[in-house]
file run-v7.cif (mmCIF, C-alpha atoms and all ligand atoms)
data_target
#
loop_
_atom_site.label_atom_id
_atom_site.label_comp_id
_atom_site.auth_asym_id
_atom_site.auth_seq_id
_atom_site.Cartn_x
_atom_site.Cartn_y
_atom_site.Cartn_z
CA MET B 1 173.12 244.97 46.12
CA LYS B 2 171.25 247.87 47.70
CA GLN B 3 172.06 251.39 46.50
CA PHE B 4 172.60 252.84 50.00
CA ASP B 5 174.09 251.50 53.21
CA ILE B 6 172.14 253.97 55.34
CA ALA B 7 169.04 256.12 54.88
CA ALA B 8 169.08 258.89 57.50
CA ILE B 9 165.52 259.96 58.29
CA GLY B 10 165.37 263.13 60.30
CA GLU B 11 165.13 266.86 60.69
CA LEU B 12 166.76 269.44 58.46
CA ASN B 13 167.27 273.09 59.26
CA VAL B 14 169.53 276.05 58.79
CA ASP B 15 171.47 277.55 61.72
CA ILE B 16 171.77 281.33 61.81
CA ILE B 17 174.61 281.78 64.27
CA LEU B 18 175.08 285.25 65.77
CA ASN B 19 178.28 286.14 67.63
CA GLY B 20 179.52 289.29 69.34
CA ILE B 21 176.04 290.31 70.52
CA GLU B 22 176.19 293.52 72.56
CA SER B 23 173.54 292.43 75.12
CA GLU B 24 170.48 290.21 75.47
CA PRO B 25 167.52 290.82 73.17
CA GLU B 26 164.76 293.02 74.61
CA ILE B 27 161.20 293.44 73.37
CA GLY B 28 160.81 296.77 71.59
CA LYS B 29 164.56 297.39 71.14
CA GLU B 30 167.06 296.87 68.31
CA LYS B 31 170.48 295.35 69.09
CA PHE B 32 173.54 294.49 66.99
CA ALA B 33 175.51 291.28 66.52
CA LYS B 34 179.06 291.63 65.14
CA GLU B 35 179.21 288.33 63.22
CA MET B 36 176.77 286.01 61.47
CA THR B 37 177.18 282.54 59.96
CA VAL B 38 174.36 280.86 58.04
CA THR B 39 175.01 277.14 57.79
CA LEU B 40 173.45 273.66 57.64
CA GLY B 41 172.14 272.78 61.12
CA SER B 42 170.40 269.59 62.31
CA SER B 43 171.87 266.76 64.29
CA THR B 44 170.73 264.12 61.77
CA ALA B 45 172.65 266.01 59.08
CA ILE B 46 175.82 265.80 61.21
CA PHE B 47 175.22 262.06 61.47
CA ALA B 48 174.71 261.68 57.71
CA ALA B 49 177.72 263.81 56.77
CA ASN B 50 180.07 261.99 59.13
CA ALA B 51 178.81 258.52 58.20
CA ALA B 52 179.50 259.45 54.55
CA ALA B 53 182.94 260.78 55.55
CA VAL B 54 183.91 257.41 57.05
CA GLY B 55 182.84 255.58 53.91
CA SER B 56 179.14 254.69 54.20
CA LYS B 57 176.84 255.32 51.24
CA VAL B 58 174.21 257.58 52.80
CA CYS B 59 171.00 259.16 51.56
CA PHE B 60 168.91 261.68 53.46
CA VAL B 61 165.15 261.58 53.89
CA GLY B 62 163.92 264.90 55.26
CA MET B 63 161.58 267.72 54.38
CA VAL B 64 162.51 271.26 53.43
CA GLY B 65 160.54 274.12 51.87
CA ARG B 66 160.78 275.34 48.29
CA ASP B 67 162.92 278.26 49.47
CA SER B 68 166.52 279.46 49.58
CA PHE B 69 167.14 277.74 52.95
CA GLY B 70 165.98 274.49 51.37
CA SER B 71 168.53 274.97 48.57
CA LEU B 72 171.25 275.69 51.13
CA VAL B 73 170.41 272.50 53.04
CA SER B 74 170.44 270.40 49.87
CA SER B 75 173.70 271.79 48.46
CA SER B 76 175.40 271.49 51.87
CA LEU B 77 174.42 267.81 52.17
CA GLU B 78 175.67 267.13 48.64
CA ALA B 79 178.97 268.84 49.43
CA LYS B 80 179.35 266.34 52.31
CA GLY B 81 178.77 263.38 49.99
CA VAL B 82 175.20 262.68 51.15
CA ASP B 83 172.67 261.76 48.44
CA THR B 84 169.71 264.18 48.34
CA GLY B 85 167.49 262.33 45.84
CA TYR B 86 164.95 261.51 48.56
CA LEU B 87 164.64 265.03 50.02
CA ILE B 88 161.01 266.13 50.11
CA TYR B 89 160.07 269.67 49.08
CA GLY B 90 156.86 270.77 50.84
CA ASP B 91 154.77 273.92 51.14
CA THR B 92 155.98 274.74 54.67
CA PRO B 93 159.18 276.84 54.90
CA THR B 94 162.49 275.14 55.79
CA GLY B 95 163.17 275.09 59.52
CA ALA B 96 165.69 277.48 61.01
CA THR B 97 167.40 278.02 64.36
CA VAL B 98 168.67 281.41 65.45
CA CYS B 99 171.65 280.68 67.73
CA MET B 100 172.64 283.67 69.86
CA ASN B 101 176.07 283.02 71.33
CA TYR B 102 177.13 284.66 74.58
CA GLY B 103 180.60 283.28 75.31
CA GLU B 104 180.17 279.68 76.49
CA ASP B 105 176.37 280.07 76.74
CA ARG B 106 173.88 280.33 73.96
CA ALA B 107 170.20 281.04 73.49
CA ASN B 108 168.53 279.17 70.63
CA LEU B 109 165.20 279.88 69.01
CA THR B 110 163.90 277.28 66.54
CA TYR B 111 161.19 277.48 63.91
CA GLN B 112 160.57 273.82 63.08
CA GLY B 113 158.88 274.45 59.74
CA ALA B 114 158.98 271.57 57.26
CA MET B 115 160.69 269.15 59.69
CA ASP B 116 157.50 269.02 61.78
CA VAL B 117 155.32 268.18 58.78
CA MET B 118 157.08 265.13 57.29
CA GLY B 119 155.12 261.96 58.01
CA PHE B 120 155.26 258.38 56.75
CA GLY B 121 153.08 259.23 53.73
CA ASP B 122 155.69 261.72 52.47
CA ILE B 123 158.48 259.12 52.40
CA LYS B 124 158.86 257.36 49.06
CA PRO B 125 158.37 253.58 49.40
CA GLU B 126 161.61 253.11 47.37
CA VAL B 127 163.56 254.38 50.39
CA PHE B 128 162.87 251.13 52.23
CA ARG B 129 163.94 249.03 49.25
CA SER B 130 167.09 250.97 48.41
CA CYS B 131 168.86 250.93 51.79
CA ARG B 132 170.26 248.31 54.16
CA HIS B 133 169.77 250.31 57.32
CA ILE B 134 167.63 253.23 58.50
CA HIS B 135 168.84 255.71 61.11
CA LEU B 136 166.05 257.70 62.75
CA SER B 137 166.86 260.71 64.83
CA SER B 138 165.45 263.73 66.69
CA LEU B 139 161.93 262.28 66.93
CA PHE B 140 160.62 264.89 69.34
CA MET B 141 161.45 267.69 66.89
CA GLN B 142 159.24 266.03 64.26
CA SER B 143 155.66 265.54 65.45
CA ALA B 144 154.35 263.94 62.23
CA LEU B 145 157.20 261.40 62.19
CA LEU B 146 156.65 260.67 65.89
CA ARG B 147 152.93 260.10 65.17
CA ASP B 148 153.84 257.68 62.32
CA ILE B 149 156.75 255.92 64.01
CA HIS B 150 155.16 252.45 63.88
CA LYS B 151 154.42 252.79 60.15
CA VAL B 152 158.08 253.65 59.48
CA LEU B 153 159.35 250.77 61.63
CA ASP B 154 156.92 248.29 60.07
CA ALA B 155 157.91 249.35 56.53
CA ALA B 156 161.58 248.82 57.45
CA LYS B 157 160.82 245.40 58.86
CA ALA B 158 158.86 244.38 55.75
CA GLU B 159 161.98 245.07 53.65
CA GLY B 160 164.38 243.41 56.10
CA VAL B 161 166.07 246.73 56.88
CA SER B 162 167.76 247.18 60.28
CA VAL B 163 166.98 250.35 62.25
CA SER B 164 168.85 252.55 64.71
CA LEU B 165 167.06 255.20 66.75
CA ASP B 166 168.43 258.22 68.61
CA THR B 167 165.41 260.11 69.94
CA GLN B 168 167.54 263.03 71.17
CA TRP B 169 166.17 265.30 73.91
CA ASP B 170 162.47 266.20 73.99
CA PRO B 171 162.32 270.03 74.01
CA VAL B 172 158.83 269.96 75.58
CA GLU B 173 159.88 267.18 77.99
CA LYS B 174 156.69 265.15 77.54
CA TRP B 175 158.59 262.06 76.30
CA ALA B 176 155.48 260.90 74.43
CA LEU B 177 157.07 257.76 73.00
CA ASP B 178 155.74 254.39 74.08
CA TYR B 179 159.14 252.67 74.33
CA LYS B 180 157.54 249.36 75.24
CA SER B 181 155.94 249.03 71.80
CA VAL B 182 158.59 250.93 69.79
CA LEU B 183 161.90 249.45 71.00
CA PRO B 184 161.16 245.83 70.01
CA LYS B 185 161.09 247.07 66.38
CA VAL B 186 164.40 248.98 66.72
CA THR B 187 167.62 247.05 66.08
CA VAL B 188 169.95 249.41 67.96
CA PHE B 189 168.70 252.07 70.35
CA LEU B 190 171.18 254.96 70.82
CA PRO B 191 170.08 257.33 73.60
CA ASN B 192 172.31 259.33 75.92
CA GLU B 193 172.20 258.80 79.67
CA LYS B 194 169.90 261.73 80.47
CA GLU B 195 167.49 260.95 77.64
CA LEU B 196 167.20 257.30 78.70
CA GLN B 197 166.38 258.31 82.26
CA ALA B 198 163.83 260.92 81.15
CA LEU B 199 162.16 258.48 78.75
CA THR B 200 161.84 255.78 81.43
CA GLY B 201 161.08 258.10 84.36
CA THR B 202 164.09 256.82 86.32
CA THR B 203 166.86 258.63 88.19
CA CYS B 204 169.88 256.38 87.72
CA LEU B 205 171.45 254.58 84.76
CA GLU B 206 170.98 251.09 86.23
CA ASP B 207 167.22 251.55 86.72
CA ALA B 208 166.89 253.08 83.25
CA VAL B 209 168.71 250.13 81.63
CA ASN B 210 166.54 247.64 83.54
CA ALA B 211 163.38 249.46 82.43
CA VAL B 212 164.11 249.10 78.70
CA LEU B 213 165.94 245.76 78.73
CA PRO B 214 162.83 243.55 78.26
CA PHE B 215 161.89 245.60 75.18
CA LEU B 216 165.22 245.84 73.30
CA GLY B 217 165.13 244.68 69.68
CA HIS B 218 168.80 243.67 69.53
CA ALA B 219 170.99 246.07 71.50
CA MET B 220 171.31 249.53 73.01
CA VAL B 221 174.27 251.84 73.49
CA VAL B 222 173.95 254.55 76.11
CA LYS B 223 176.19 257.54 75.44
CA CYS B 224 177.71 258.91 78.63
CA GLY B 225 179.63 261.99 77.43
CA SER B 226 183.30 262.14 78.40
CA LYS B 227 182.82 258.99 80.52
CA GLY B 228 182.29 256.82 77.43
CA SER B 229 179.46 254.47 76.46
CA LEU B 230 177.59 251.44 77.76
CA LEU B 231 176.65 248.63 75.36
CA VAL B 232 173.66 246.55 76.50
CA ARG B 233 172.70 243.45 74.55
CA LYS B 234 169.18 242.02 74.44
CA ASP B 235 170.37 239.09 76.59
CA GLY B 236 171.33 241.56 79.33
CA THR B 237 175.12 241.35 78.94
CA GLN B 238 176.86 244.72 79.11
CA ASN B 239 180.14 246.31 78.10
CA PHE B 240 181.22 249.71 79.38
CA LEU B 241 183.89 251.31 77.20
CA PRO B 242 185.63 254.42 78.60
CA ALA B 243 185.94 257.40 76.25
CA PHE B 244 189.16 257.94 74.32
CA LEU B 245 189.89 261.04 76.32
CA ASN B 246 190.77 264.18 74.44
CA LYS B 247 192.75 266.48 76.72
CA ASP B 248 192.20 269.56 74.58
CA VAL B 249 188.55 269.48 73.57
CA VAL B 250 187.66 272.20 71.05
CA ASP B 251 183.93 271.65 71.57
CA ALA B 252 181.60 268.65 71.96
CA ILE B 253 178.86 269.90 69.59
CA GLY B 254 177.59 266.84 67.72
CA ALA B 255 179.70 264.27 69.62
CA GLY B 256 176.62 262.07 69.99
CA ASP B 257 175.79 262.27 66.28
CA SER B 258 179.40 261.47 65.43
CA PHE B 259 179.28 258.50 67.80
CA ASN B 260 176.16 257.31 65.93
CA ALA B 261 177.95 257.78 62.57
CA GLY B 262 180.88 255.57 63.62
CA PHE B 263 178.73 252.98 65.36
CA VAL B 264 176.17 252.61 62.56
CA SER B 265 178.82 252.61 59.79
CA ALA B 266 180.54 249.71 61.57
CA PHE B 267 177.21 247.96 62.21
CA VAL B 268 176.18 248.00 58.53
CA LYS B 269 179.56 246.47 57.70
CA GLY B 270 178.62 243.55 59.91
CA LEU B 271 181.29 244.20 62.58
CA PRO B 272 180.71 242.77 66.09
CA LEU B 273 178.83 245.05 68.53
CA GLU B 274 181.94 245.70 70.70
CA GLU B 275 183.84 246.85 67.62
CA CYS B 276 180.91 249.07 66.58
CA GLN B 277 181.03 250.59 70.08
CA ARG B 278 184.79 251.19 69.80
CA CYS B 279 184.26 252.89 66.41
CA GLY B 280 181.51 255.03 67.99
CA ASN B 281 183.67 256.08 70.93
CA LEU B 282 186.43 256.93 68.47
CA THR B 283 184.26 259.05 66.15
CA GLY B 284 182.75 260.75 69.23
CA ALA B 285 186.27 261.59 70.42
CA VAL B 286 187.41 262.68 66.92
CA ASN B 287 184.42 265.06 66.89
CA THR B 288 185.85 266.93 69.89
CA THR B 289 189.17 267.70 68.13
CA ALA B 290 187.74 270.37 65.79
CA ALA B 291 185.03 273.04 65.86
CA GLY B 292 181.40 272.02 65.27
CA GLY B 293 179.94 268.63 64.45
CA THR B 294 181.64 267.95 61.12
CA GLY B 295 184.91 269.95 61.32
CA ALA B 296 187.15 266.92 62.03
CA PHE B 297 185.49 264.65 59.45
CA VAL B 298 187.36 265.81 56.36
CA SER B 299 187.85 262.28 54.98
CA LYS B 300 188.24 258.69 56.18
CA GLU B 301 192.04 259.10 55.95
CA ALA B 302 191.88 262.24 58.14
CA VAL B 303 189.75 260.39 60.73
CA ARG B 304 192.16 257.42 60.70
CA LYS B 305 195.09 259.76 61.24
CA ILE B 306 193.44 261.47 64.25
CA CYS B 307 192.55 258.07 65.75
CA LEU B 308 196.14 256.87 65.47
CA GLU B 309 197.98 260.06 66.39
CA LYS B 310 195.68 261.43 69.12
CA PHE B 311 194.20 258.26 70.60
CA GLY B 312 196.69 255.52 69.62
CA GLN B 313 193.88 253.53 68.02
CA VAL B 314 193.44 251.85 64.65
CA PHE B 315 190.14 252.96 63.06
CA SER B 316 188.79 249.80 61.48
CA LEU B 317 186.45 251.34 58.89
N1 LIG S 1 185.38 265.02 75.86
C1 LIG S 1 185.33 263.87 75.19
N2 LIG S 1 186.47 263.19 74.89
C2 LIG S 1 186.42 262.03 74.21
N3 LIG S 1 185.30 261.44 73.80
C3 LIG S 1 184.13 262.06 74.06
C4 LIG S 1 184.08 263.31 74.76
N4 LIG S 1 182.78 263.68 74.84
C5 LIG S 1 182.06 262.71 74.22
N5 LIG S 1 182.87 261.73 73.76
C6 LIG S 1 182.47 260.48 73.07
O1 LIG S 1 181.34 260.74 72.27
C7 LIG S 1 180.24 259.93 72.68
C8 LIG S 1 178.95 260.66 72.52
O2 LIG S 1 178.96 261.86 73.26
P1 LIG S 1 177.74 262.30 74.22
O3 LIG S 1 177.57 261.28 75.29
O4 LIG S 1 178.00 263.70 74.61
O5 LIG S 1 176.50 262.18 73.22
P2 LIG S 1 175.13 263.02 73.20
O6 LIG S 1 174.79 263.41 74.59
O7 LIG S 1 174.15 262.25 72.42
O8 LIG S 1 175.60 264.29 72.40
P3 LIG S 1 174.81 265.31 71.43
O9 LIG S 1 174.68 266.53 72.27
O10 LIG S 1 175.75 265.46 70.30
O11 LIG S 1 173.50 264.69 71.05
C9 LIG S 1 180.55 259.49 74.11
O12 LIG S 1 179.94 258.24 74.39
C10 LIG S 1 182.08 259.41 74.09
O13 LIG S 1 182.50 258.14 73.65
MG MG S 2 172.52 263.05 71.32
#
call {"tool": "encode", "arguments": {"input": "run-v7.cif", "output": "structure tokens"}}
result
Amino acid sequence: MKQFDIAAIGELNVDIILNGIESEPEIGKEKFAKEMTVTLGSSTAIFAANAAAVGSKVCFVGMVGRDSFGSLVSSSLEAKGVDTGYLIYGDTPTGATVCMNYGEDRANLTYQGAMDVMGFGDIKPEVFRSCRHIHLSSLFMQSALLRDIHKVLDAAKAEGVSVSLDTQWDPVEKWALDYKSVLPKVTVFLPNEKELQALTGTTCLEDAVNAVLPFLGHAMVVKCGSKGSLLVRKDGTQNFLPAFLNKDVVDAIGAGDSFNAGFVSAFVKGLPLEECQRCGNLTGAVNTTAAGGTGAFVSKEAVRKICLEKFGQVFSL
């Protein structure tokens, strides 16, 4: 028996969310914001928290600084039921994002800090022995992890650990990931439609799918927002599953991470790929029923209730 179902390897940061800002920032001037929230950010943290909420045993592997933001990150993960025993405390400050909200629009400014420093050598070898599955996310936010990606994937393989990968968007849009050598070592690839096209240099979903198909390790699911998701198996067979449409979306922040949480939690339970996809579409939809990425994921019972009452679906986890 392994101690953890899932080790989430990814970025950690604090979000400093400013609301009620009188006007845009200007060099040389001082402006006021009416409200501020300081909270756990990071899309991999949303994944980990929501996978734990639906019953997976999850540990987090990420780097923070020896500072108060690092303590906030660690205590917030613990409060969500995510094990923090493998967090790495480095000399670089914890990353932070200043989110300036202007109605529906927002301007974000990120200091990557420790997240950009964590490489393979910082990860304890026990991680690979103590989990059944590794979920890797936000690669382009973490240059040391991106540099060491093959070492991480080879260590997982040596321990017989399955791997899911969600690269997320590349903020510098260089897409410096050699998918032809990386994807064969990834069990389930979980990009969204735009990311898959950018990574493969294609302009439509069909061309993008065809570009990666020869290199898939086992399967891929392409997340297509409110349209739903496309499951593609290594043998080329596909299954498009429309989204469980939520008529009154609160916001879609973290819908992709929540999809990953449902999909991967079902996958580590050994459920068939179509059922993993249904769980992913459901947790993606549940995400949109409350504010932020984790608001709706109070407990497995709460998620089950939303699935049944809002979407008429039985949540099988
Ligand atoms: N409005 C919606 N109603 C119902 N389900 C939704 C909605 N938006 C997204 N979903 C579900 O969530 C899944 C993931 O969402 P999306 O495609 O936006 O991921 P993403 O682009 O990776 O998001 P993120 O910005 O969180 O990384 C979709 O495949 C879909 O099943
Ligand atoms: Mg995403």
call {"tool": "closest_residue", "arguments": {"input": "run-v7.cif", "among": "B:Ser68, B:Ser181, B:Ser164, B:Thr288", "to": "ligand LIG 1 (chain S)", "atoms": "all atoms listed in the file"}}
result
B:Thr288
call {"tool": "residues_around", "arguments": {"input": "run-v7.cif", "residues": "Asp178 (chain B)", "least_positions_apart": "6", "cutoff": "12 Å", "atoms": "all atoms listed in the file", "output": "number ranges by chain"}}
result
B: 146-147, 149-150, 167, 184-185, 199-200, 212, 215
call {"tool": "residues_around", "arguments": {"input": "run-v7.cif", "residues": "Ile123 (chain B)", "least_positions_apart": "6", "cutoff": "9 Å", "atoms": "all atoms listed in the file", "output": "PDB file with C-alpha atoms, in the coordinates of the input"}}
result
ATOM      1  CA  VAL B  61     165.150 261.580  53.890  1.00  0.00           C
ATOM      2  CA  GLY B  62     163.920 264.900  55.260  1.00  0.00           C
ATOM      3  CA  TYR B  86     164.950 261.510  48.560  1.00  0.00           C
ATOM      4  CA  LEU B  87     164.640 265.030  50.020  1.00  0.00           C
ATOM      5  CA  ILE B  88     161.010 266.130  50.110  1.00  0.00           C
ATOM      6  CA  VAL B 152     158.080 253.650  59.480  1.00  0.00           C
TER       7      VAL B 152
END
call {"tool": "atom_distance", "arguments": {"input": "run-v7.cif", "atom1": "CA of Gly160 (chain B)", "atom2": "CA of Phe240 (chain B)"}}
result
29.4 Å
call {"tool": "residues_near_ligand", "arguments": {"input": "run-v7.cif", "ligand": "ligand MG 2 (chain S)", "cutoff": "6 Å", "atoms": "all atoms listed in the file", "output": "list in words"}}
result
Gln168, Asn192 and Gly256 of chain B
call {"tool": "write_last_selection", "arguments": {"input": "run-v7.cif", "atoms": "C-alpha atoms", "output": "short mmCIF file (atom, residue, chain, number, x, y, z; two decimals), in the frame of the given file"}}
result
data_model
loop_
_atom_site.label_atom_id
_atom_site.label_comp_id
_atom_site.auth_asym_id
_atom_site.auth_seq_id
_atom_site.Cartn_x
_atom_site.Cartn_y
_atom_site.Cartn_z
CA GLN B 168 167.54 263.03 71.17
CA ASN B 192 172.31 259.33 75.92
CA GLY B 256 176.62 262.07 69.99
#
call {"tool": "residues_near_point", "arguments": {"input": "run-v7.cif", "point": "(170.9, 273.4, 49.6)", "cutoff": "12 Å", "atoms": "all atoms listed in the file", "output": "VMD selection string"}}
result
chain B and resid 12 to 14 38 to 41 63 to 80 82 to 84 87 89 94
call {"tool": "closest_residue", "arguments": {"input": "run-v7.cif", "among": "B:Val186, B:Leu196, B:Ala53, B:Val303", "to": "ligand LIG 1 (chain S)", "atoms": "only C-alpha atoms and all ligand atoms"}}
result
B:Leu196
call {"tool": "closest_atom_pairs", "arguments": {"input": "run-v7.cif", "of": "chain B", "to": "ligand LIG 1 (chain S)", "cutoff": "9 Å", "atoms": "only C-alpha atoms and all ligand atoms", "output": "CSV"}}
result
residue,atom,partner,partner_atom,distance
B:Ser43,CA,S:LIG1,O11,7.3
B:Asp166,CA,S:LIG1,O7,8.0
B:Gln168,CA,S:LIG1,O11,6.2
B:Trp169,CA,S:LIG1,O11,7.9
B:Leu190,CA,S:LIG1,O7,8.0
B:Pro191,CA,S:LIG1,O7,6.5
B:Asn192,CA,S:LIG1,O7,4.9
B:Glu193,CA,S:LIG1,O6,7.3
B:Lys194,CA,S:LIG1,O6,7.8
B:Glu195,CA,S:LIG1,O6,8.3
B:Val221,CA,S:LIG1,O12,8.6
B:Val222,CA,S:LIG1,O12,7.2
B:Lys223,CA,S:LIG1,O12,4.0
B:Cys224,CA,S:LIG1,O3,4.1
B:Gly225,CA,S:LIG1,O3,3.1
B:Ser226,CA,S:LIG1,C4,3.9
B:Lys227,CA,S:LIG1,C10,6.5
B:Gly228,CA,S:LIG1,O13,4.0
B:Ser229,CA,S:LIG1,O12,4.3
B:Leu230,CA,S:LIG1,O12,7.9
B:Leu241,CA,S:LIG1,O13,7.8
B:Pro242,CA,S:LIG1,O13,6.9
B:Ala243,CA,S:LIG1,O13,4.4
B:Phe244,CA,S:LIG1,C2,4.9
B:Leu245,CA,S:LIG1,C2,4.2
B:Asn246,CA,S:LIG1,N2,4.4
B:Lys247,CA,S:LIG1,N2,7.3
B:Asp248,CA,S:LIG1,N1,8.3
B:Val249,CA,S:LIG1,N1,5.9
B:Val250,CA,S:LIG1,N1,8.9
B:Asp251,CA,S:LIG1,N1,8.0
B:Ala252,CA,S:LIG1,N4,5.9
B:Ile253,CA,S:LIG1,O10,5.5
B:Gly254,CA,S:LIG1,O10,3.5
B:Ala255,CA,S:LIG1,O10,4.2
B:Gly256,CA,S:LIG1,O5,3.2
B:Asp257,CA,S:LIG1,O10,5.1
B:Ser258,CA,S:LIG1,O1,7.1
B:Phe259,CA,S:LIG1,C7,5.2
B:Asn260,CA,S:LIG1,C8,7.9
B:Gln277,CA,S:LIG1,O13,8.5
B:Arg278,CA,S:LIG1,O13,8.3
B:Gly280,CA,S:LIG1,O13,6.5
B:Asn281,CA,S:LIG1,O13,3.6
B:Leu282,CA,S:LIG1,O13,6.6
B:Thr283,CA,S:LIG1,O1,7.0
B:Gly284,CA,S:LIG1,O1,3.4
B:Ala285,CA,S:LIG1,N3,3.5
B:Val286,CA,S:LIG1,N3,7.3
B:Asn287,CA,S:LIG1,O1,7.6
B:Thr288,CA,S:LIG1,C1,6.1
B:Thr289,CA,S:LIG1,N2,8.6
B:Gly293,CA,S:LIG1,O10,7.9
call {"tool": "residues_near_point", "arguments": {"input": "run-v7.cif", "point": "(174.7, 252.6, 59.0)", "cutoff": "9 Å", "atoms": "all atoms listed in the file", "output": "compact mmCIF listing (two decimals) with C-alpha atoms, in the frame of the given file"}}
result
# COMPACT_ATOMS: atom_id res chain seq x y z
CA ASP B 5 174.09 251.50 53.21
CA ILE B 6 172.14 253.97 55.34
CA ALA B 7 169.04 256.12 54.88
CA ALA B 8 169.08 258.89 57.50
CA ALA B 51 178.81 258.52 58.20
CA SER B 56 179.14 254.69 54.20
CA LYS B 57 176.84 255.32 51.24
CA VAL B 58 174.21 257.58 52.80
CA ARG B 132 170.26 248.31 54.16
CA HIS B 133 169.77 250.31 57.32
CA ILE B 134 167.63 253.23 58.50
CA HIS B 135 168.84 255.71 61.11
CA SER B 162 167.76 247.18 60.28
CA VAL B 163 166.98 250.35 62.25
CA SER B 164 168.85 252.55 64.71
CA ASN B 260 176.16 257.31 65.93
CA ALA B 261 177.95 257.78 62.57
CA GLY B 262 180.88 255.57 63.62
CA PHE B 263 178.73 252.98 65.36
CA VAL B 264 176.17 252.61 62.56
CA SER B 265 178.82 252.61 59.79
CA ALA B 266 180.54 249.71 61.57
CA PHE B 267 177.21 247.96 62.21
CA VAL B 268 176.18 248.00 58.53
CA LYS B 269 179.56 246.47 57.70
call {"tool": "atom_distance", "arguments": {"input": "run-v7.cif", "atom1": "CA of Glu301 (chain B)", "atom2": "CA of Ala45 (chain B)"}}
result
20.8 Å
call {"tool": "atom_distance", "arguments": {"input": "run-v7.cif", "atom1": "CA of Gln142 (chain B)", "atom2": "CA of Leu205 (chain B)"}}
result
26.5 Å
call {"tool": "residues_around", "arguments": {"input": "run-v7.cif", "residues": "Glu159 (chain B)", "least_positions_apart": "4", "cutoff": "8 Å", "atoms": "all atoms listed in the file", "output": "ChimeraX atom specification"}}
result
/B:128-129,155
call {"tool": "closest_residue", "arguments": {"input": "run-v7.cif", "among": "B:Val209, B:Met118, B:Val182, B:Ala291", "to": "Leu153 (chain B)", "atoms": "all atoms listed in the file"}}
result
B:Val182
call {"tool": "axis_aligned_box", "arguments": {"input": "run-v7.cif", "around": "region 216-229 of chain B", "padding_each_side": "6 Å", "output": "JSON"}}
result
{"center_x": 174.2, "center_y": 252.9, "center_z": 75.0, "size_x": 30.2, "size_y": 30.5, "size_z": 23.0}
call {"tool": "residues_around", "arguments": {"input": "run-v7.cif", "residues": "region 100-107 of chain B", "least_positions_apart": "4", "cutoff": "9 Å", "atoms": "only C-alpha atoms", "output": "compact mmCIF listing (two decimals) with C-alpha atoms, keeping the file's coordinate frame"}}
result
# COMPACT_ATOMS: atom_id res chain seq x y z
CA ILE B 16 171.77 281.33 61.81
CA ILE B 17 174.61 281.78 64.27
CA LEU B 18 175.08 285.25 65.77
CA ASN B 19 178.28 286.14 67.63
CA GLY B 20 179.52 289.29 69.34
CA ILE B 21 176.04 290.31 70.52
CA SER B 23 173.54 292.43 75.12
CA GLU B 24 170.48 290.21 75.47
CA ALA B 33 175.51 291.28 66.52
call {"tool": "residues_around", "arguments": {"input": "run-v7.cif", "residues": "Phe315 (chain B)", "least_positions_apart": "2", "cutoff": "7 Å", "atoms": "only C-alpha atoms", "output": "PyMOL selection string"}}
result
chain B and resi 279+304+307+313+317
call {"tool": "write_last_selection", "arguments": {"input": "run-v7.cif", "atoms": "C-alpha atoms", "output": "CSV table (one decimal), in the frame of the given file"}}
result
chain,number,residue,atom,x,y,z
B,279,CYS,CA,184.3,252.9,66.4
B,304,ARG,CA,192.2,257.4,60.7
B,307,CYS,CA,192.6,258.1,65.8
B,313,GLN,CA,193.9,253.5,68.0
B,317,LEU,CA,186.4,251.3,58.9
